[in-house]
Each structure stands twice: as C-alpha cells, then as structure tokens.
Amino acid sequence: MTDYKPKEIEYKWQEEWEKTSLHKAIDFDKKSKYYSLVMFPYPSGDLHMGHMRVYTISDVISRHKRMLGFNVLNPMGFDAFGLPAENAAIERKVPPYEWTKKNIDHMKNKQLKRMGTSYDWDREVVSCSPDYYKWTQWLFLQFYKHELAYQKDAPVNWCPKCQTVLANEQVEDGKCWRHDDTLVERKMMCQWFLKITQYAEELLNDLQKLEGWPERVKRMQKNWIGKSEGAEINFSVFEKSNIKIPVYTTRPDTIYGVTFLVLAPEHPFVSELTTSENKEKVQAYIKQAGLLSEIERLSENKEKTGVLLGSYAVNPFNNQKIPIWISDYTLLEYGTGAVMGVPAHDSRDFEFAKKVNLEIKQVISPDGLARELSNAYIEPGLIINSDIFNGLQSDDGKKKIIEYGNKKGFCRTKTTYRLRDWLISRQRYWGCPIPIVYCDKCGVIPVDEKNLPVMLPEAGIEFTGSGGSPLLRAKEWLSVKCPKCSGEARRETDTMDTFICSSYYYLRYADAGNDKAAFDKEKVNYWLPVDQYVGGVEHAILHLLYSRFFTKAFRDFGLLNFDEPFTNLLSQGMVTMFSPKEKKITKMSKSKGNVVGTTDFFDEYGADAARLFILFAAPPEQEIEWSTQGAIGQYRFIERIWRLFFNLKENAGLKIYEEFVNVEALRAMPLHEIYRIANYTIKSVSEDISSEKYIFNTAIARMTELVNAMYKFILDKKSYSDLESTILSFSFTNLLKLLAPLAPHITEELWGKLGGPYSIHQQKWPEYDKQALVTDEIELVIQMGGKKIDVLTTKKGQSQKELEKIALSLEKVKARIDGKELVKVVVVPDKIVNIVVK
RNA sequence: GCCCUUGUGGCGGAAUGGUAGACGCAACGGACUUAAAAUCCGUUGGUUUGAAAAAAGCCGUGCCAGUUCGAGUCUGGCCAAGGGCACCA
C-alpha cells in the first residue's frame, strides 16, 4: 500500500484532463446539450474557501451531467473591468491592465484549475479585453439605434469614495454597494441610461415562467419592479388655465378627501406656480432639499417639511380650491412627481397636514360614520362625504370614480412601476468606453460600428485619484473627428457600468472566439438558455434583472430566439467564519479578517477534501461555516476509501465489476446486506445529486454509510469467496463512480489503479438493481396512542388482521390494555400498528 | 411599518404525517504501540429508578393552542433570529 498524497495525485490528473481536452463542449453535437454556468468572478486576485463553494457546486452538476450523457457546456471567464484595478493603479502605480492580467493568471492557473474544476477554457472570456469590449460597445450601439439608450439630466446617486455615479440597484440603504460605510450623495447630472422600464411589464410577467428559480429571488425582483395600479388625475390651476397638474394615485376612492397638492421640489411647474411673495422661501427650500443626502432624505424620523407656492389647484371632481405645496417627501422620479394630499387616508399626508396645519377631511369609514382621526385611516372602507359616490365600497368606488373622471376627460387608469431606467455612465477609467462622440455642429453622434472598438488609451494616462476620470486628461485620445461631418469633435469620457459587461457574457460563451459578431445566432440558440445557473443571492436583483432585460432586448433586435436566459437558478448560501474584527460569525471576506486560503489546505489535505466538506456542511442554499476540522473529517473519509481499496485489492481480488448479481444466491448471507446497501446508495445518491434535489450533504452521508458497512464486513476477514469478492467489487466500483463528480481526483486515481479505462468522468452513471432492494422482512413499529412501545422484525406483506394479532399478543401491549377499553387499532401494512385505548 | 425565510443534541445537520437525532465534527472509552500520533472498534439528547451492570420508565424538535389513531413535518396565534422592501403616493 502506498500513502495517499493528494497534492501529487491532483496535479497529475489536472494536467492529464487538460492535455486530453476532457471538458470540451462541442457545438451542435448529437448528444443533448446542457449549459451549466457559474457567475464569472471579478479577478480580485486571491480566492479563498468562501469563493470555492459556488465553483464546487457548479462543477459537481457539470460532471454529473456529463456522466448522464449530456454534451455539457461549462465555461469560465472574468468580469475584469472595475474599480479595484483602478484603485490599485492609484495606490501602487501598476497599470490596471497589468494588475488585472496578473490576477487572472493566478486565479485561473493556481486556483480554479487547482480545485479540480472542469471548465472548457477554450471559451474563456475576459471582459476588459478589446475583443470582448468591442462587442459590449456594439451592443450599446444597438440599444442606441433602438432608442433604448438615451441621455438625460437627472438626480443621480454619487458615491464619493468610488468617485462616480451609481445605478439605483447599486445603492443599498442609502449607501454604496461597495462601501457600506459611505453615504451616497444626490447630484443633478447629464448621464446615459438604458430604458429597462420599457420592459418592466414583461420582466414582471415572465417571472411566472421561471419555475426553476427560487421563490425568494423572484419575489425580490417583483418587489424591485414594484408595479402599482391606479389613476392619473389632472388638477387644473386656479386662474391659470394653461397648466394642468397630473397626479398619480392608487386611491382614487379618496379623491373627495384631497385638501392640498404636493409637488416634488424639482418639479418643472414649480417656478411658474410660485407667487412673487413666496419666491424667496421656495428657492431656499429647493436649495436646502438638494443638499440633503439620500439617507437624510429617507430617514423615517425626519419631520415632514414643505413650503406653500401661493397658487391654488382645483379638484376636478368637486371644484374645490386647494393650496399647492412643495415638499421633499414627493419624489420627482416616481409617478408624475406630484401627489394629491389626502391626509385622512394616507399616513404621510396626515403627518404633513398636522405639521403645516391643513384641513383633514374623512371620506372613507369602516362603518359609514365620520369621527375624529388620530391617525390616517388607510384601510379600504365605505365612501362618505363624496357626493354621488357615497355608500360605495372602496373597490367599487375606485372603478366608478375613474370611469366618471374618464368620461369627463380629466382622469385615466394608469400603471406605475418603481423600477427606474438603468444609469450606466461611470466617471472612471477602467471600464468599457461608451462609443459616442460630441460634435459642436452635429451634436451627439455614435461611433461607426466599423471603427469599434473605441480602445481605452494606455499611454500617457495618469492615475492620481483626484480631479475626475483620467480620460478627461487624455488629450490625444479625447479629440477625434466627427463621424458625420469630420470636423473637430470630442469623445465621451464616461465608461459603462461593469454590469453591462456581465449582462451578456453567458451569450458570448456560446461563441467566444467570433470576431465578426458578438455571437452567432445559431450557436446561441443551440446552447441557450442556460440550464443551470449557480451564483450568489447578492445578485438577485442587479445582475439577474439586467441579464433578463438584455436577453429580451436582444430578442427584439433579432439576435436570438428566447425570452429568458436562465431556466434554473441555484442561489448558494454564504460561507461564514468567526471574524475576530467583528467578534461574530460572518461572511468570509478579506476585509473582515476571516479568510482561509485555498493553497495550504489543498497542499496538505487536497482539493477533494475541501470540495467534499463544502458540499457536506449543509444543503447548497443554506449558509455554511467553514471548519478546517470538519474538512479534515472529509479527508479522513477519502483516506478510508484509499485504505479500503488497497485492502480489498490485496485480499479480495478487487476489480471493476458492474453487473447485477442473482439476489437469490445471497439470501440469508451478510453479503446480501452489502449488496443491498450498495444498491440503495446508488439509488439515493442518484436522487440526491439530481437537479430535482441538489442535496449533496445527504448524498455524501449515504456513501459514508456504504464505506462503513464495507469496513464492518471485512473486519477480521482473512479470505474471500468468489461471490464475496464480486459483491465487494460491485460496491467499490459503483462507489467510485458515484463519488466521481464530487471528488474527481481520488476517484480518477483509484479507477485507474483498478484498471478502468480513462476517464472515470466519461463513464456512464450507474443504475441500481431493484431486486436488491426487495426484502422479505420488515421492522414493524408498535405504538399505543401514537407512542412507540416496541419494534419487531417480521415477515413482509402480512395482512392487517395478522399484524393486529401480532401486536395484540405482545405482553407489553396486553399489560397496557389491561383494565381499559380498546377503542381502535390502526394498521399501516409493513409499517406500524397503533393501538388506541381509553 | 410591510413582505419573506428559519428555529431539532456540545456543534454542522438527517428525517414521502408513521422508530426524532442518519452522516460528520467535538468529547469519552477500548485495541494496537516502549510511548505518542495515525489507524481500527465502541459510547455519546436530557432525566429517573438502580451499588453496578443489565434493564425499565418519563421528558424532549422556540412557546401556546388546534387538526389527526399518530405532528419536527399540517393549521392558527405568539416569541426570537436572519433577509428583502421601505416617504413609491
């Protein structure tokens, strides 16, 4: 027997797999395709055990599907644009390109391959490489052509640490998603947007099609899109018949309770509606509101403030004259930027009315009676004080009121979404340049497709960390000929949000080398949609919503033929560990000082052991806590298999053997139990590892049981009969195959040592012998009143009467029935007998 | 505030409404060894009776009810932790 040296074995097979192109995906192959995808990483430099989880899960799925006979596409690449590279350039004067390249090289060759992953590296994509970002730019131009990319002045979120603006989705709790200690500021800027809102309804509706997605993720997307149905009502302005103020409401049933209007401070009508005596106050308020940070504005404790404009609006339903206010609790970007104030039935309006002393008029009541309100009554109810609509229920009232207003021409139903258009401009260097040119004569002009890519300049770029994007100072690069008039023009200096790059990479994998197009339509239609996507739940909204949007837009551009990119989604839980900094168990990350590197563990115990522990600790969706001790437990499991192999090889003539045996020949022998467990293991592992379940922890437990049973069987055994060596060979051969997707190196090694043909990963997934699982004895549980009294082994298939008789004849049972009335006996054949007494 | 998820031994976790705690970690005992490590074999939810062993009993899946012959599992309410949304009209 030789020692188990994981490092040697693992390196050997990793090289062999690469040399023999074992994991190559073949376009348009005869076998059914299976696209297995893992979210591609940002090349931050050093992967730790926390990162390993997602790659392990996805790799097990890919390897298993190959053994099931699928043509598997399992690609990998790098989301390589982004801030850390640029920050490294500022701090250490290394060009972002070099820093990124070095990290990719390390992650790819020293870490991802070292884990034993089975990627088809021929399809690698690197989003910062010009042959990739050329197509990012080309796709931007398609959006532009279809009027889905546009520029506008808007209040935007600015992260002072990133020195750039952020999309709505990238602001969490008023803070930057990358810097949870940094409040986002509000600024007015002219920026590029993608019109994701045009797809809001489809993005919402098609969530129903995504049966293979976790409910949680779908709910989060649904919340984010935030559809609401209501009405848009036009208020006219007293003595200013040229202006109509549209407001959006979901409660048209409260229209008679309107006692004021509130516009957003940035609302375009504000100056026109401000009377001269209020001008000063209004301007001061607008200025002050603009200065507030996001978090201050959102703060719940913040008291409502606002100022009167001086003009009056007229409620078209009852011609009542009501004052117009501005307040920062009204948002310009949502609805129409103006709300009707119904203090009696909206808590924000109530608060505001109390604060500035406005009339509160009740128009909804639970019982039809009006009373003094100490809070807004926001439930639906009976309509009162509302002229011809009195006595209706809210629901019915809504419809009738909209109908009435519609007839009169000042009201219509309207659907509003919380989702905003996607702000994609970034004031940073290390991103994909937006292919746009500004010409004094011609205006905003897109770069010709044939002149793509607009390369990021490298020479003469200085990273100072201040004074805006380095591109602003790249004089030579900045000046360009206008594509239209050939006159002097200037390049766009903003780059794209890196989420653009990651919104289509999974399409590029289908045709990674193409230099004529972003991807070939036929290839994309062959490979896509992705059959199984694995990634972190932190992208539940961001990346997954953007990618769905891209897919739908590309379908409409005629680039592909499907509606949704990812059929099944698995959101793996975090890997946590105790953080000495935060004094609690929390997500493994460098900044929290609780990382365990991969290299040392792999060298000592092997990637196989790390993979097994990660899979064994909990089901994939759940959080797991890294435990080196626990991982060593899996190392011991592997070593047990290793020793078992040599023991059986020397003593029992172990060989590859996969045929079923005649179960009758085994009856009443201890061997029968081994054969049964082996087949039960095949059955359970096949089920647990399948896409319906993905519970790898129990799969590993079943295999451990088989190994334990085999150990027990061979204990003190000196010689083996032919039948015994056959059954043990059968068990061991199948064990290796079942374990192969999870621990690919050790299984390949032992498979080879057993004389199996290269490679175990190209073998057929085993099937189990149904005969082996048929038993003639069962364990019968005896209960009294639902409590277990006894368990006895008895013949299978006895009638209910027989079982009842067996139970009632037990001494224990008799003693307990004694003196009581037998109410009934419940018999579940081959399972339990439950005796109920009174 | 609204929506959702999760509460099981010292720990991670298993259990189609039918033997709660599979499997692993940790701990303890035994074998092997001059010794230790490793390995192999065991024990390990709590508790009561018992000198001990054997054995037997009772309690036990966050709490309180309910449905059921039978509930970790289903229903309702509560408590706790975690997550999402949050001045979205």
# chains A, B, ... in the order shown; residues from 1 in each chain; ligands from 1
>>> residues_around(residues="Ala376 of chain A", least_positions_apart="3", cutoff="6 Å", atoms="only C-alpha atoms (C1' of nucleotides)", output="ChimeraX atom specification")
/A:344-347,350
>>> write_last_selection(atoms="N, CA and C atoms", output="PDB file, in the first residue's frame")
ATOM      1  N   ALA A 344     -56.533  62.361   5.528  1.00  0.00           N
ATOM      2  CA  ALA A 344     -57.346  61.445   6.317  1.00  0.00           C
ATOM      3  C   ALA A 344     -57.012  59.986   6.029  1.00  0.00           C
ATOM      4  N   HIS A 345     -56.446  59.702   4.831  1.00  0.00           N
ATOM      5  CA  HIS A 345     -56.287  58.313   4.436  1.00  0.00           C
ATOM      6  C   HIS A 345     -54.898  57.954   3.916  1.00  0.00           C
ATOM      7  N   ASP A 346     -53.928  58.804   4.200  1.00  0.00           N
ATOM      8  CA  ASP A 346     -52.545  58.472   3.845  1.00  0.00           C
ATOM      9  C   ASP A 346     -51.669  58.987   4.974  1.00  0.00           C
ATOM     10  N   SER A 347     -50.865  58.092   5.554  1.00  0.00           N
ATOM     11  CA  SER A 347     -50.149  58.491   6.768  1.00  0.00           C
ATOM     12  C   SER A 347     -49.122  59.591   6.516  1.00  0.00           C
ATOM     13  N   PHE A 350     -51.056  62.724   6.214  1.00  0.00           N
ATOM     14  CA  PHE A 350     -51.580  63.048   7.539  1.00  0.00           C
ATOM     15  C   PHE A 350     -50.530  63.787   8.356  1.00  0.00           C
TER      16      PHE A 350
END
>>> select_by_dssp(residues="segment 211-240 of chain A", states="alpha helix (DSSP H)", output="ChimeraX atom specification")
/A:215-225
>>> residues_around(residues="G82 of chain B", least_positions_apart="3", cutoff="12 Å", atoms="only C-alpha atoms (C1' of nucleotides)", output="list in words")
Thr586, Gln622 and Glu623 of chain A; C4, U5, U6 and G7 of chain B
>>> write_last_selection(atoms="C-alpha atoms (C1' of nucleotides)", output="PDB file, in the first residue's frame")
ATOM      1  CA  THR A 586     -19.996  36.437   9.426  1.00  0.00           C
ATOM      2  CA  GLN A 622     -28.007  27.405   3.268  1.00  0.00           C
ATOM      3  CA  GLU A 623     -25.168  29.278   4.880  1.00  0.00           C
TER       4      GLU A 623
ATOM      5  C1'   C B   4     -40.467  36.526   3.273  1.00  0.00           C
ATOM      6  C1'   U B   5     -37.304  32.663   5.447  1.00  0.00           C
ATOM      7  C1'   U B   6     -35.533  29.921   9.578  1.00  0.00           C
ATOM      8  C1'   G B   7     -35.877  27.960  14.894  1.00  0.00           C
TER       9        G B   7
END
>>> residues_around(residues="segment 8-20 of chain B", least_positions_apart="5", cutoff="8 Å", atoms="only C-alpha atoms (C1' of nucleotides)", output="VMD selection string")
(chain A and resid 617 to 618 624 to 625 698 781 788 791 831 to 832) or (chain B and resid 25 to 26 45 61 70 to 74)
>>> write_last_selection(atoms="C-alpha atoms (C1' of nucleotides)", output="JSON list (two decimals), in the first residue's frame")
[["chain", "number", "residue", "atom", "x", "y", "z"],
["A", 617, "ALA", "CA", -21.71, 21.01, 5.54],
["A", 618, "ALA", "CA", -25.29, 21.91, 4.52],
["A", 624, "ILE", "CA", -22.23, 27.17, 5.97],
["A", 625, "GLU", "CA", -19.49, 27.90, 8.44],
["A", 698, "THR", "CA", -27.10, 13.53, 2.21],
["A", 781, "VAL", "CA", -43.37, -0.42, 14.87],
["A", 788, "LYS", "CA", -43.62, 3.86, 20.30],
["A", 791, "VAL", "CA", -40.19, -2.58, 17.27],
["A", 831, "LYS", "CA", -45.05, -0.12, 8.84],
["A", 832, "ILE", "CA", -46.91, 0.37, 12.10],
["B", 25, "C", "C1'", -17.24, 17.34, 13.90],
["B", 26, "A", "C1'", -16.03, 17.51, 19.04],
["B", 45, "G", "C1'", -30.26, 14.22, 23.71],
["B", 61, "U", "C1'", -37.62, 19.34, 17.59],
["B", 70, "G", "C1'", -50.36, 9.47, 15.23],
["B", 71, "A", "C1'", -47.26, 16.21, 14.34],
["B", 72, "G", "C1'", -40.18, 18.16, 13.84],
["B", 73, "U", "C1'", -43.50, 17.81, 9.48],
["B", 74, "C", "C1'", -50.23, 20.37, 8.51]]
>>> closest_residue(among="A:Val774, A:Leu750, A:Ile714, A:Ala607", to="Asn734 of chain A", atoms="only C-alpha atoms")
A:Leu750
>>> closest_atom_pairs(of="chain A", to="chain B", cutoff="7 Å", atoms="only C-alpha atoms (C1' of nucleotides)", output="JSON lines")
{"residue": "A:Met220", "atom": "CA", "partner": "B:G84", "partner_atom": "C1'", "distance": 6.3}
{"residue": "A:Asn223", "atom": "CA", "partner": "B:C85", "partner_atom": "C1'", "distance": 6.6}
{"residue": "A:Tyr248", "atom": "CA", "partner": "B:A89", "partner_atom": "C1'", "distance": 6.8}
{"residue": "A:Thr249", "atom": "CA", "partner": "B:A89", "partner_atom": "C1'", "distance": 5.6}
{"residue": "A:Leu298", "atom": "CA", "partner": "B:C87", "partner_atom": "C1'", "distance": 6.9}
{"residue": "A:Tyr329", "atom": "CA", "partner": "B:C87", "partner_atom": "C1'", "distance": 5.3}
{"residue": "A:Tyr334", "atom": "CA", "partner": "B:C88", "partner_atom": "C1'", "distance": 6.3}
{"residue": "A:Val339", "atom": "CA", "partner": "B:A89", "partner_atom": "C1'", "distance": 5.9}
{"residue": "A:Arg348", "atom": "CA", "partner": "B:C87", "partner_atom": "C1'", "distance": 6.5}
{"residue": "A:Arg418", "atom": "CA", "partner": "B:C88", "partner_atom": "C1'", "distance": 5.9}
{"residue": "A:Ala617", "atom": "CA", "partner": "B:G12", "partner_atom": "C1'", "distance": 6.0}
{"residue": "A:Ala618", "atom": "CA", "partner": "B:G13", "partner_atom": "C1'", "distance": 6.6}
{"residue": "A:Gln629", "atom": "CA", "partner": "B:C25", "partner_atom": "C1'", "distance": 6.8}
{"residue": "A:Gly630", "atom": "CA", "partner": "B:C25", "partner_atom": "C1'", "distance": 5.4}
{"residue": "A:Gly633", "atom": "CA", "partner": "B:G24", "partner_atom": "C1'", "distance": 6.9}
{"residue": "A:Ala701", "atom": "CA", "partner": "B:C23", "partner_atom": "C1'", "distance": 4.4}
{"residue": "A:Val781", "atom": "CA", "partner": "B:U19", "partner_atom": "C1'", "distance": 6.4}
{"residue": "A:Gly785", "atom": "CA", "partner": "B:C69", "partner_atom": "C1'", "distance": 6.7}
{"residue": "A:Gly786", "atom": "CA", "partner": "B:G70", "partner_atom": "C1'", "distance": 4.5}
{"residue": "A:Lys788", "atom": "CA", "partner": "B:U19", "partner_atom": "C1'", "distance": 6.9}
{"residue": "A:Val826", "atom": "CA", "partner": "B:C69", "partner_atom": "C1'", "distance": 6.0}
{"residue": "A:Ile832", "atom": "CA", "partner": "B:G18", "partner_atom": "C1'", "distance": 6.7}
{"residue": "A:Asn834", "atom": "CA", "partner": "B:C69", "partner_atom": "C1'", "distance": 6.5}
{"residue": "A:Val836", "atom": "CA", "partner": "B:C69", "partner_atom": "C1'", "distance": 6.4}
>>> closest_residue(among="A:Ile255, A:Phe557, A:Gly593, A:Leu715", to="Gln142 of chain A", atoms="only C-alpha atoms")
A:Phe557
>>> atom_distance(atom1="atom CA of Gln151 of chain A", atom2="atom CA of Arg428 of chain A")
17.7 Å
>>> closest_residue(among="A:Thr598, A:Trp325, A:Asp3, A:Met67", to="Ser759 of chain A", atoms="only C-alpha atoms")
A:Met67
>>> decode(residues="segment 791-805 of chain A", atoms="all heavy atoms", output="short mmCIF file (atom, residue, chain, number, x, y, z; two decimals), in the first residue's frame")
data_model
loop_
_atom_site.label_atom_id
_atom_site.label_comp_id
_atom_site.auth_asym_id
_atom_site.auth_seq_id
_atom_site.Cartn_x
_atom_site.Cartn_y
_atom_site.Cartn_z
N VAL A 791 -40.48 -2.39 18.69
CA VAL A 791 -40.19 -2.58 17.27
C VAL A 791 -39.88 -4.04 17.09
O VAL A 791 -39.06 -4.58 17.84
CB VAL A 791 -38.97 -1.75 16.83
CG1 VAL A 791 -38.75 -1.90 15.33
CG2 VAL A 791 -39.13 -0.29 17.21
N LEU A 792 -40.56 -4.70 16.16
CA LEU A 792 -40.20 -6.09 15.92
C LEU A 792 -40.00 -6.38 14.45
O LEU A 792 -40.61 -5.75 13.59
CB LEU A 792 -41.23 -7.06 16.52
CG LEU A 792 -42.66 -6.62 16.72
CD1 LEU A 792 -43.57 -7.52 15.96
CD2 LEU A 792 -42.93 -6.70 18.21
N THR A 793 -39.11 -7.34 14.22
CA THR A 793 -38.84 -7.74 12.85
C THR A 793 -39.80 -8.86 12.49
O THR A 793 -39.95 -9.82 13.24
CB THR A 793 -37.39 -8.24 12.73
OG1 THR A 793 -36.53 -7.24 13.26
CG2 THR A 793 -37.02 -8.51 11.28
N THR A 794 -40.46 -8.70 11.35
CA THR A 794 -41.44 -9.71 10.97
C THR A 794 -41.51 -9.82 9.45
O THR A 794 -40.89 -9.04 8.73
CB THR A 794 -42.82 -9.36 11.57
OG1 THR A 794 -43.73 -10.39 11.24
CG2 THR A 794 -43.33 -8.04 11.04
N LYS A 795 -42.26 -10.82 9.00
CA LYS A 795 -42.35 -11.06 7.56
C LYS A 795 -43.10 -9.93 6.86
O LYS A 795 -44.06 -9.38 7.38
CB LYS A 795 -43.08 -12.39 7.31
CG LYS A 795 -42.13 -13.53 7.16
CD LYS A 795 -42.61 -14.65 6.23
CE LYS A 795 -44.10 -14.87 6.11
NZ LYS A 795 -44.54 -16.13 6.74
N LYS A 796 -42.65 -9.63 5.66
CA LYS A 796 -43.27 -8.58 4.88
C LYS A 796 -44.58 -9.09 4.27
O LYS A 796 -44.74 -10.29 4.06
CB LYS A 796 -42.32 -8.19 3.75
CG LYS A 796 -42.63 -6.85 3.13
CD LYS A 796 -41.59 -6.50 2.07
CE LYS A 796 -42.05 -5.32 1.26
NZ LYS A 796 -41.11 -5.02 0.20
N GLY A 797 -45.49 -8.16 4.03
CA GLY A 797 -46.68 -8.49 3.26
C GLY A 797 -47.78 -9.19 4.03
O GLY A 797 -48.63 -9.84 3.42
N GLN A 798 -47.78 -9.09 5.36
CA GLN A 798 -48.85 -9.72 6.12
C GLN A 798 -50.09 -8.82 6.10
O GLN A 798 -50.00 -7.62 5.97
CB GLN A 798 -48.41 -9.98 7.56
CG GLN A 798 -47.22 -10.92 7.64
CD GLN A 798 -46.83 -11.21 9.06
OE1 GLN A 798 -47.44 -12.02 9.73
NE2 GLN A 798 -45.81 -10.52 9.54
N SER A 799 -51.24 -9.46 6.28
CA SER A 799 -52.49 -8.70 6.21
C SER A 799 -52.66 -7.85 7.47
O SER A 799 -52.01 -8.07 8.49
CB SER A 799 -53.66 -9.66 6.09
OG SER A 799 -53.86 -10.30 7.32
N GLN A 800 -53.57 -6.89 7.38
CA GLN A 800 -53.84 -6.01 8.53
C GLN A 800 -54.27 -6.82 9.74
O GLN A 800 -53.83 -6.55 10.85
CB GLN A 800 -54.94 -5.01 8.16
CG GLN A 800 -54.57 -4.14 7.00
CD GLN A 800 -55.26 -2.79 7.05
OE1 GLN A 800 -55.94 -2.47 8.01
NE2 GLN A 800 -55.08 -1.99 6.01
N LYS A 801 -55.09 -7.83 9.50
CA LYS A 801 -55.58 -8.69 10.60
C LYS A 801 -54.42 -9.37 11.29
O LYS A 801 -54.33 -9.39 12.52
CB LYS A 801 -56.53 -9.75 10.02
CG LYS A 801 -57.93 -9.24 9.85
CD LYS A 801 -58.91 -10.07 10.70
CE LYS A 801 -60.28 -9.43 10.72
NZ LYS A 801 -60.95 -9.46 9.38
N GLU A 802 -53.52 -9.95 10.48
CA GLU A 802 -52.38 -10.68 11.03
C GLU A 802 -51.50 -9.75 11.87
O GLU A 802 -51.07 -10.12 12.96
CB GLU A 802 -51.53 -11.28 9.90
CG GLU A 802 -52.17 -12.52 9.28
CD GLU A 802 -51.45 -12.96 8.01
OE1 GLU A 802 -51.22 -12.09 7.13
OE2 GLU A 802 -51.11 -14.15 7.91
N LEU A 803 -51.26 -8.57 11.33
CA LEU A 803 -50.41 -7.63 12.04
C LEU A 803 -51.06 -7.21 13.36
O LEU A 803 -50.40 -7.08 14.39
CB LEU A 803 -50.11 -6.41 11.17
CG LEU A 803 -49.25 -6.69 9.94
CD1 LEU A 803 -49.15 -5.46 9.06
CD2 LEU A 803 -47.85 -7.15 10.35
N GLU A 804 -52.36 -6.98 13.30
CA GLU A 804 -53.09 -6.59 14.50
C GLU A 804 -52.97 -7.69 15.56
O GLU A 804 -52.75 -7.41 16.73
CB GLU A 804 -54.56 -6.35 14.14
CG GLU A 804 -55.39 -5.84 15.31
CD GLU A 804 -56.83 -5.52 14.91
OE1 GLU A 804 -57.06 -5.15 13.75
OE2 GLU A 804 -57.71 -5.65 15.77
N LYS A 805 -53.07 -8.93 15.10
CA LYS A 805 -52.98 -10.06 16.02
C LYS A 805 -51.61 -10.12 16.68
O LYS A 805 -51.48 -10.31 17.90
CB LYS A 805 -53.25 -11.36 15.24
CG LYS A 805 -53.94 -12.43 16.07
CD LYS A 805 -54.29 -13.62 15.19
CE LYS A 805 -53.47 -14.83 15.58
NZ LYS A 805 -53.52 -15.90 14.54
#
